[in-house]
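**Q** As input, take data-v6.pdb (PDB, C-alpha atoms, pLDDT in the B column):
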ATOM      1  CA  VAL A   1      58.932 -30.698 120.467  1.00 93.00           C
ATOM      2  CA  LYS A   2      56.732 -31.617 117.529  1.00 94.00           C
ATOM      3  CA  LYS A   3      57.794 -28.502 115.622  1.00 94.00           C
ATOM      4  CA  PHE A   4      61.479 -29.409 116.156  1.00 95.00           C
ATOM      5  CA  GLU A   5      60.819 -32.988 115.017  1.00 95.00           C
ATOM      6  CA  ASP A   6      58.990 -31.811 111.893  1.00 95.00           C
ATOM      7  CA  ARG A   7      61.737 -29.352 111.049  1.00 94.00           C
ATOM      8  CA  THR A   8      64.695 -31.696 111.606  1.00 95.00           C
ATOM      9  CA  GLY A   9      63.293 -35.190 111.085  1.00 95.00           C
ATOM     10  CA  VAL A  10      64.750 -36.211 114.472  1.00 95.00           C
ATOM     11  CA  LYS A  11      62.581 -38.353 116.763  1.00 96.00           C
ATOM     12  CA  VAL A  12      62.784 -37.012 120.331  1.00 96.00           C
ATOM     13  CA  SER A  13      62.421 -39.759 122.934  1.00 96.00           C
ATOM     14  CA  PRO A  14      60.995 -38.967 126.392  1.00 97.00           C
ATOM     15  CA  ALA A  15      63.682 -38.443 129.062  1.00 96.00           C
ATOM     16  CA  PRO A  16      63.103 -38.368 132.852  1.00 96.00           C
ATOM     17  CA  THR A  17      65.560 -35.475 133.376  1.00 95.00           C
ATOM     18  CA  PRO A  18      66.773 -32.629 131.165  1.00 94.00           C
ATOM     19  CA  TRP A  19      70.405 -33.487 131.909  1.00 92.00           C
ATOM     20  CA  LEU A  20      72.805 -35.879 130.224  1.00 93.00           C
ATOM     21  CA  ASP A  21      74.527 -38.310 132.581  1.00 91.00           C
ATOM     22  CA  LYS A  22      77.858 -37.346 134.190  1.00 86.00           C
ATOM     23  CA  GLY A  23      79.929 -39.473 131.818  1.00 90.00           C
ATOM     24  CA  ALA A  24      78.347 -38.119 128.623  1.00 92.00           C
ATOM     25  CA  GLU A  25      80.812 -35.267 128.168  1.00 89.00           C
ATOM     26  CA  LYS A  26      83.770 -37.637 128.417  1.00 90.00           C
ATOM     27  CA  ARG A  27      82.175 -40.210 126.085  1.00 93.00           C
ATOM     28  CA  HIS A  28      81.361 -37.566 123.487  1.00 94.00           C
ATOM     29  CA  ALA A  29      84.493 -35.396 123.855  1.00 91.00           C
ATOM     30  CA  SER A  30      84.913 -35.203 120.070  1.00 94.00           C
ATOM     31  CA  GLU A  31      81.579 -33.344 119.864  1.00 94.00           C
ATOM     32  CA  LEU A  32      82.672 -30.535 122.203  1.00 91.00           C
ATOM     33  CA  GLU A  33      84.458 -28.606 119.441  1.00 92.00           C
ATOM     34  CA  ALA A  34      82.620 -29.836 116.314  1.00 94.00           C
ATOM     35  CA  PRO A  35      80.023 -27.441 114.861  1.00 95.00           C
ATOM     36  CA  GLY A  36      76.469 -28.501 115.661  1.00 95.00           C
ATOM     37  CA  LEU A  37      73.647 -29.199 113.248  1.00 95.00           C
ATOM     38  CA  TYR A  38      70.874 -27.298 115.042  1.00 95.00           C
ATOM     39  CA  GLY A  39      72.612 -24.067 116.053  1.00 92.00           C
ATOM     40  CA  ASP A  40      70.694 -22.058 113.453  1.00 93.00           C
ATOM     41  CA  ILE A  41      67.299 -23.248 114.705  1.00 95.00           C
ATOM     42  CA  ALA A  42      67.987 -23.914 118.404  1.00 94.00           C
ATOM     43  CA  ALA A  43      66.769 -20.478 119.474  1.00 94.00           C
ATOM     44  CA  SER A  44      63.198 -21.276 118.413  1.00 95.00           C
ATOM     45  CA  PRO A  45      62.541 -24.273 120.699  1.00 95.00           C
ATOM     46  CA  LEU A  46      64.626 -22.750 123.492  1.00 95.00           C
ATOM     47  CA  MET A  47      62.786 -19.420 123.547  1.00 95.00           C
ATOM     48  CA  ALA A  48      59.397 -21.166 123.296  1.00 93.00           C
ATOM     49  CA  ASN A  49      60.451 -23.263 126.274  1.00 92.00           C
ATOM     50  CA  LEU A  50      61.753 -20.227 128.163  1.00 92.00           C
ATOM     51  CA  TYR A  51      58.319 -18.626 127.847  1.00 92.00           C
ATOM     52  CA  SER A  52      56.786 -21.776 129.306  1.00 89.00           C
ATOM     53  CA  ALA A  53      59.387 -21.897 132.081  1.00 90.00           C
ATOM     54  CA  ARG A  54      58.769 -18.308 133.103  1.00 89.00           C
ATOM     55  CA  ALA A  55      54.995 -18.634 132.952  1.00 89.00           C
ATOM     56  CA  THR A  56      54.243 -22.036 134.465  1.00 89.00           C
ATOM     57  CA  ARG A  57      57.178 -24.476 134.549  1.00 90.00           C
ATOM     58  CA  PRO A  58      60.090 -23.395 136.763  1.00 92.00           C
ATOM     59  CA  ASP A  59      61.610 -26.893 136.458  1.00 91.00           C
ATOM     60  CA  GLN A  60      62.611 -26.041 132.878  1.00 92.00           C
ATOM     61  CA  MET A  61      64.468 -22.793 133.553  1.00 90.00           C
ATOM     62  CA  VAL A  62      68.041 -23.849 134.272  1.00 90.00           C
ATOM     63  CA  CYS A  63      68.465 -26.311 131.411  1.00 91.00           C
ATOM     64  CA  THR A  64      66.876 -23.862 128.960  1.00 93.00           C
ATOM     65  CA  LEU A  65      68.967 -20.893 130.074  1.00 91.00           C
ATOM     66  CA  ARG A  66      72.204 -22.885 129.979  1.00 90.00           C
ATOM     67  CA  LEU A  67      71.521 -23.992 126.420  1.00 93.00           C
ATOM     68  CA  ALA A  68      70.433 -20.494 125.368  1.00 93.00           C
ATOM     69  CA  ARG A  69      73.835 -19.152 126.452  1.00 90.00           C
ATOM     70  CA  ARG A  70      75.418 -21.474 123.865  1.00 92.00           C
ATOM     71  CA  ILE A  71      73.539 -20.235 120.783  1.00 93.00           C
ATOM     72  CA  HIS A  72      76.469 -18.192 119.448  1.00 92.00           C
ATOM     73  CA  ARG A  73      78.942 -21.125 119.694  1.00 92.00           C
ATOM     74  CA  TRP A  74      76.766 -24.190 119.164  1.00 95.00           C
ATOM     75  CA  THR A  75      78.432 -27.627 119.000  1.00 95.00           C
ATOM     76  CA  LYS A  76      77.386 -31.215 118.310  1.00 96.00           C
ATOM     77  CA  TYR A  77      77.385 -31.798 122.046  1.00 95.00           C
ATOM     78  CA  ASP A  78      74.875 -28.941 122.376  1.00 95.00           C
ATOM     79  CA  ASP A  79      72.727 -30.753 119.779  1.00 96.00           C
ATOM     80  CA  ARG A  80      72.754 -33.744 122.111  1.00 96.00           C
ATOM     81  CA  ARG A  81      71.877 -31.557 125.126  1.00 95.00           C
ATOM     82  CA  LEU A  82      69.025 -29.868 123.217  1.00 97.00           C
ATOM     83  CA  ILE A  83      67.489 -33.196 122.212  1.00 97.00           C
ATOM     84  CA  ARG A  84      67.721 -34.367 125.833  1.00 97.00           C
ATOM     85  CA  CYS A  85      66.060 -31.145 127.059  1.00 96.00           C
ATOM     86  CA  LEU A  86      63.274 -31.585 124.507  1.00 97.00           C
ATOM     87  CA  GLY A  87      62.946 -35.217 125.592  1.00 97.00           C
ATOM     88  CA  TYR A  88      62.344 -33.993 129.142  1.00 96.00           C
ATOM     89  CA  LEU A  89      59.648 -31.642 127.845  1.00 95.00           C
ATOM     90  CA  ARG A  90      57.915 -34.563 126.170  1.00 96.00           C
ATOM     91  CA  TYR A  91      58.269 -36.722 129.296  1.00 96.00           C
ATOM     92  CA  SER A  92      56.995 -34.029 131.685  1.00 95.00           C
ATOM     93  CA  ALA A  93      54.329 -32.434 129.464  1.00 92.00           C
ATOM     94  CA  GLY A  94      51.567 -33.409 131.890  1.00 91.00           C
ATOM     95  CA  LEU A  95      53.079 -31.655 134.904  1.00 91.00           C
ATOM     96  CA  LYS A  96      51.125 -28.677 136.197  1.00 88.00           C
ATOM     97  CA  LEU A  97      51.957 -25.887 138.582  1.00 89.00           C
ATOM     98  CA  SER A  98      49.186 -25.495 141.120  1.00 91.00           C
ATOM     99  CA  GLY A  99      48.403 -23.787 144.365  1.00 93.00           C
ATOM    100  CA  SER A 100      45.431 -22.969 146.525  1.00 94.00           C
ATOM    101  CA  LEU A 101      44.518 -20.671 149.358  1.00 93.00           C
ATOM    102  CA  SER A 102      41.279 -20.002 151.146  1.00 92.00           C
ATOM    103  CA  THR A 103      39.750 -16.741 152.293  1.00 90.00           C
ATOM    104  CA  ARG A 104      40.217 -18.203 155.789  1.00 89.00           C
ATOM    105  CA  ASP A 105      43.987 -17.863 155.257  1.00 89.00           C
ATOM    106  CA  ARG A 106      43.844 -14.074 154.855  1.00 88.00           C
ATOM    107  CA  GLN A 107      44.706 -13.280 158.466  1.00 89.00           C
ATOM    108  CA  THR A 108      47.433 -15.899 158.898  1.00 90.00           C
ATOM    109  CA  ALA A 109      49.096 -16.125 155.482  1.00 93.00           C
ATOM    110  CA  VAL A 110      52.851 -15.632 155.408  1.00 95.00           C
ATOM    111  CA  LEU A 111      55.364 -14.999 152.668  1.00 95.00           C
ATOM    112  CA  ARG A 112      57.883 -17.817 152.179  1.00 96.00           C
ATOM    113  CA  VAL A 113      61.056 -17.355 150.163  1.00 96.00           C
ATOM    114  CA  TRP A 114      63.236 -20.325 149.210  1.00 95.00           C
ATOM    115  CA  PRO A 115      66.602 -19.252 147.750  1.00 95.00           C
ATOM    116  CA  ASP A 116      69.100 -21.765 146.361  1.00 93.00           C
ATOM    117  CA  ALA A 117      72.397 -21.744 144.475  1.00 92.00           C
ATOM    118  CA  ASP A 118      74.959 -24.133 143.130  1.00 88.00           C
ATOM    119  CA  LEU A 119      78.727 -23.707 143.001  1.00 87.00           C
ATOM    120  CA  ALA A 120      79.950 -23.077 139.448  1.00 77.00           C
ATOM    121  CA  GLY A 121      77.083 -25.187 138.132  1.00 76.00           C
ATOM    122  CA  ASP A 122      78.140 -25.017 134.482  1.00 75.00           C
ATOM    123  CA  PRO A 123      81.936 -25.310 134.618  1.00 72.00           C
ATOM    124  CA  SER A 124      82.189 -25.600 130.829  1.00 71.00           C
ATOM    125  CA  GLU A 125      81.074 -21.955 130.657  1.00 74.00           C
ATOM    126  CA  ASP A 126      82.713 -20.171 133.590  1.00 76.00           C
ATOM    127  CA  ALA A 127      83.069 -20.223 137.372  1.00 82.00           C
ATOM    128  CA  LYS A 128      79.809 -18.376 138.066  1.00 86.00           C
ATOM    129  CA  SER A 129      77.151 -20.042 140.154  1.00 88.00           C
ATOM    130  CA  THR A 130      73.495 -20.235 139.204  1.00 89.00           C
ATOM    131  CA  GLY A 131      71.079 -18.889 141.772  1.00 91.00           C
ATOM    132  CA  GLY A 132      67.346 -19.288 141.955  1.00 92.00           C
ATOM    133  CA  GLU A 133      64.381 -18.610 144.155  1.00 95.00           C
ATOM    134  CA  TRP A 134      60.843 -19.718 144.831  1.00 95.00           C
ATOM    135  CA  VAL A 135      58.429 -17.289 146.494  1.00 96.00           C
ATOM    136  CA  GLU A 136      55.010 -18.324 147.775  1.00 96.00           C
ATOM    137  CA  ILE A 137      52.254 -17.122 150.030  1.00 96.00           C
ATOM    138  CA  ALA A 138      51.318 -19.874 152.455  1.00 95.00           C
ATOM    139  CA  SER A 139      48.773 -20.598 155.138  1.00 93.00           C
ATOM    140  CA  LEU A 140      50.025 -21.126 158.678  1.00 90.00           C
ATOM    141  CA  GLU A 141      46.934 -23.171 159.547  1.00 88.00           C
ATOM    142  CA  SER A 142      47.026 -25.694 156.697  1.00 88.00           C
ATOM    143  CA  ASP A 143      49.270 -27.023 153.959  1.00 90.00           C
ATOM    144  CA  ARG A 144      47.786 -24.627 151.377  1.00 93.00           C
ATOM    145  CA  SER A 145      50.093 -22.305 149.456  1.00 95.00           C
ATOM    146  CA  MET A 146      50.190 -20.334 146.225  1.00 94.00           C
ATOM    147  CA  PRO A 147      53.305 -19.705 144.116  1.00 95.00           C
ATOM    148  CA  LEU A 148      53.909 -16.013 143.449  1.00 94.00           C
ATOM    149  CA  HIS A 149      57.309 -15.815 141.790  1.00 93.00           C
ATOM    150  CA  TRP A 150      60.358 -17.872 140.777  1.00 93.00           C
ATOM    151  CA  SER A 151      63.554 -17.078 138.959  1.00 91.00           C
ATOM    152  CA  SER A 152      66.904 -18.480 137.959  1.00 89.00           C
ATOM    153  CA  ALA A 153      69.950 -16.498 136.869  1.00 88.00           C
ATOM    154  CA  LYS A 154      73.691 -16.678 136.721  1.00 87.00           C
ATOM    155  CA  GLN A 155      75.198 -14.830 139.665  1.00 88.00           C
ATOM    156  CA  THR A 156      77.186 -11.670 138.971  1.00 89.00           C
ATOM    157  CA  PHE A 157      80.102 -12.697 141.201  1.00 89.00           C
ATOM    158  CA  THR A 158      82.348 -15.744 141.499  1.00 89.00           C
ATOM    159  CA  ALA A 159      81.687 -17.634 144.724  1.00 89.00           C
ATOM    160  CA  ASP A 160      84.523 -19.562 146.364  1.00 90.00           C
ATOM    161  CA  SER A 161      82.163 -21.928 148.198  1.00 91.00           C
ATOM    162  CA  THR A 162      78.613 -23.199 148.035  1.00 89.00           C
ATOM    163  CA  THR A 163      77.853 -21.309 151.251  1.00 93.00           C
ATOM    164  CA  PHE A 164      78.983 -18.019 149.689  1.00 94.00           C
ATOM    165  CA  ALA A 165      76.855 -18.685 146.588  1.00 93.00           C
ATOM    166  CA  GLU A 166      73.849 -19.491 148.796  1.00 94.00           C
ATOM    167  CA  VAL A 167      74.270 -16.363 150.950  1.00 95.00           C
ATOM    168  CA  GLY A 168      74.605 -14.248 147.807  1.00 94.00           C
ATOM    169  CA  GLN A 169      71.347 -15.685 146.497  1.00 94.00           C
ATOM    170  CA  LEU A 170      69.658 -15.160 149.863  1.00 96.00           C
ATOM    171  CA  HIS A 171      70.641 -11.480 149.711  1.00 95.00           C
ATOM    172  CA  ARG A 172      69.336 -11.132 146.158  1.00 95.00           C
ATOM    173  CA  SER A 173      66.082 -12.940 147.017  1.00 95.00           C
ATOM    174  CA  ILE A 174      65.363 -10.718 150.016  1.00 96.00           C
ATOM    175  CA  LYS A 175      66.317  -7.497 148.234  1.00 96.00           C
ATOM    176  CA  GLU A 176      64.666  -8.107 144.862  1.00 95.00           C
ATOM    177  CA  SER A 177      61.707 -10.337 145.753  1.00 95.00           C
ATOM    178  CA  ALA A 178      60.820 -10.784 149.420  1.00 95.00           C
ATOM    179  CA  LEU A 179      60.791  -7.115 150.416  1.00 96.00           C
ATOM    180  CA  PRO A 180      58.900  -5.762 147.369  1.00 97.00           C
ATOM    181  CA  ILE A 181      56.361  -8.616 147.375  1.00 96.00           C
ATOM    182  CA  GLY A 182      55.972  -8.373 151.165  1.00 95.00           C
ATOM    183  CA  ILE A 183      55.292  -4.631 150.980  1.00 96.00           C
ATOM    184  CA  LEU A 184      52.686  -5.166 148.264  1.00 96.00           C
ATOM    185  CA  LEU A 185      50.987  -7.947 150.237  1.00 94.00           C
ATOM    186  CA  GLU A 186      50.885  -5.784 153.365  1.00 94.00           C
ATOM    187  CA  PHE A 187      49.214  -3.015 151.363  1.00 95.00           C
ATOM    188  CA  LEU A 188      46.691  -5.392 149.788  1.00 92.00           C
ATOM    189  CA  MET A 189      45.918  -7.367 152.940  1.00 90.00           C
ATOM    190  CA  GLU A 190      45.998  -4.341 155.252  1.00 91.00           C
ATOM    191  CA  ARG A 191      48.134  -6.127 157.862  1.00 92.00           C
ATOM    192  CA  ASP A 192      51.727  -7.054 158.602  1.00 92.00           C
ATOM    193  CA  VAL A 193      53.008 -10.004 156.595  1.00 89.00           C
TER
END
What does the file become when written as structure tokens?
**A**
Amino acid sequence: VKKFEDRTGVKVSPAPTPWLDKGAEKRHASELEAPGLYGDIAASPLMANLYSARATRPDQMVCTLRLARRIHRWTKYDDRRLIRCLGYLRYSAGLKLSGSLSTRDRQTAVLRVWPDADLAGDPSEDAKSTGGEWVEIASLESDRSMPLHWSSAKQTFTADSTTFAEVGQLHRSIKESALPIGILLEFLMERDV
């Protein structure tokens, strides 16, 4: 955020969410087609943030990926969205991803997979849904758990309902995450997971 501020001279105010309010697009309709000011430099803060999102901050993934898709056709409205996203980074800088397990959990730990999807979550782009997942190993005897994996990606098909988008993400999560991670855990823990 500081690097962006130094480069542009723009003061980024903290924001409690990375999203503009629902009426922003209507209020700023003239900005939807106007060329943006930060299109040439937007990739730098977005890719730095994407690294952070993939490493330790899954809450930043969707907003970052949606803005990154706009790099080749950046508008003034995207400038506004970028500043809001950076404001969220400033606001949430103290958040930490944490987890804990005990050696006592070795015999009872289970793999938990939490898939989710929206229905055409970015309608300004296309009709594709965004799917995501959270995978953790968790204790059955306590509230301890440890994050193992998370992801967010645009789905490769067009869903005609939220249920269809969710089932599609469930399939992807089981196939690409739950089964491979489960097999590895069974090998490492020498028991069924």
**Q** For CA of Cys85 in chain A and CA of Asp40 in chain A, determine how far apart the two atoms are, in Å to one decimal place.
**A**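 Distance reported for this atom pair: 17.0 Å.
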**Q** Set the distance at 8 Å and use only C-alpha atoms: which residues neighbour range 157-167 of chain A once local chain neighbours fewer than 2 positions away are removed? I'd like the list as a ChimeraX atom specification.
**A** /A:115-120,127-129,131,155,169-171
**Q** For the file shown, what are the residues hit by the PyMOL selection byres ((chain A and resi 67) around 9), laid out as a list in words?
**A**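 Taken on the displayed file, the PyMOL selection byres ((chain A and resi 67) around 9) yields the residues Ala42, Leu46, Val62, Cys63, Thr64, Leu65, Arg66, Ala68, Arg69, Arg70, Ile71, Trp74, Asp78, Arg81 and Leu82 of chain A.
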**Q** Which residue is closest to Gly99 in chain A? Choose from A:Pro58, A:Pro35, A:Pro147, A:Gly132 and count all atoms listed in the file.
**A**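 With all atoms listed in the file as the atom set, the closest residue is A:Pro147.
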**Q** In Å to one decimal, how far is CA of Ala29 in chain A from CA of Thr8 in chain A?
**A**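 Taking CA of Thr8 in chain A and CA of Ala29 in chain A, their separation equals 23.6 Å.
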**Q** Go through A:Ser92, A:Ser145, A:Ser98, A:Thr108 and flag the residue nearest Pro16 in chain A, using all atoms listed in the file for the distances.
**A**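 The closest residue to Pro16 in chain A is A:Ser92.
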**Q** Can you pull out every residue within 12 Å of range 1-4 of chain A, counting only C-alpha atoms, but drop anything in the same chain fewer than 3 positions away, and send it as number ranges by chain?
**A** A: 7-14, 38, 41-46, 48-49, 79, 82-93
**Q** Only C-alpha atoms, please: the residues just picked out, written as a CSV table (one decimal), in the coordinates of the input.
**A**
chain,number,residue,atom,x,y,z
A,7,ARG,CA,61.7,-29.4,111.0
A,8,THR,CA,64.7,-31.7,111.6
A,9,GLY,CA,63.3,-35.2,111.1
A,10,VAL,CA,64.8,-36.2,114.5
A,11,LYS,CA,62.6,-38.4,116.8
A,12,VAL,CA,62.8,-37.0,120.3
A,13,SER,CA,62.4,-39.8,122.9
A,14,PRO,CA,61.0,-39.0,126.4
A,38,TYR,CA,70.9,-27.3,115.0
A,41,ILE,CA,67.3,-23.2,114.7
A,42,ALA,CA,68.0,-23.9,118.4
A,43,ALA,CA,66.8,-20.5,119.5
A,44,SER,CA,63.2,-21.3,118.4
A,45,PRO,CA,62.5,-24.3,120.7
A,46,LEU,CA,64.6,-22.8,123.5
A,48,ALA,CA,59.4,-21.2,123.3
A,49,ASN,CA,60.5,-23.3,126.3
A,79,ASP,CA,72.7,-30.8,119.8
A,82,LEU,CA,69.0,-29.9,123.2
A,83,ILE,CA,67.5,-33.2,122.2
A,84,ARG,CA,67.7,-34.4,125.8
A,85,CYS,CA,66.1,-31.1,127.1
A,86,LEU,CA,63.3,-31.6,124.5
A,87,GLY,CA,62.9,-35.2,125.6
A,88,TYR,CA,62.3,-34.0,129.1
A,89,LEU,CA,59.6,-31.6,127.8
A,90,ARG,CA,57.9,-34.6,126.2
A,91,TYR,CA,58.3,-36.7,129.3
A,92,SER,CA,57.0,-34.0,131.7
A,93,ALA,CA,54.3,-32.4,129.5
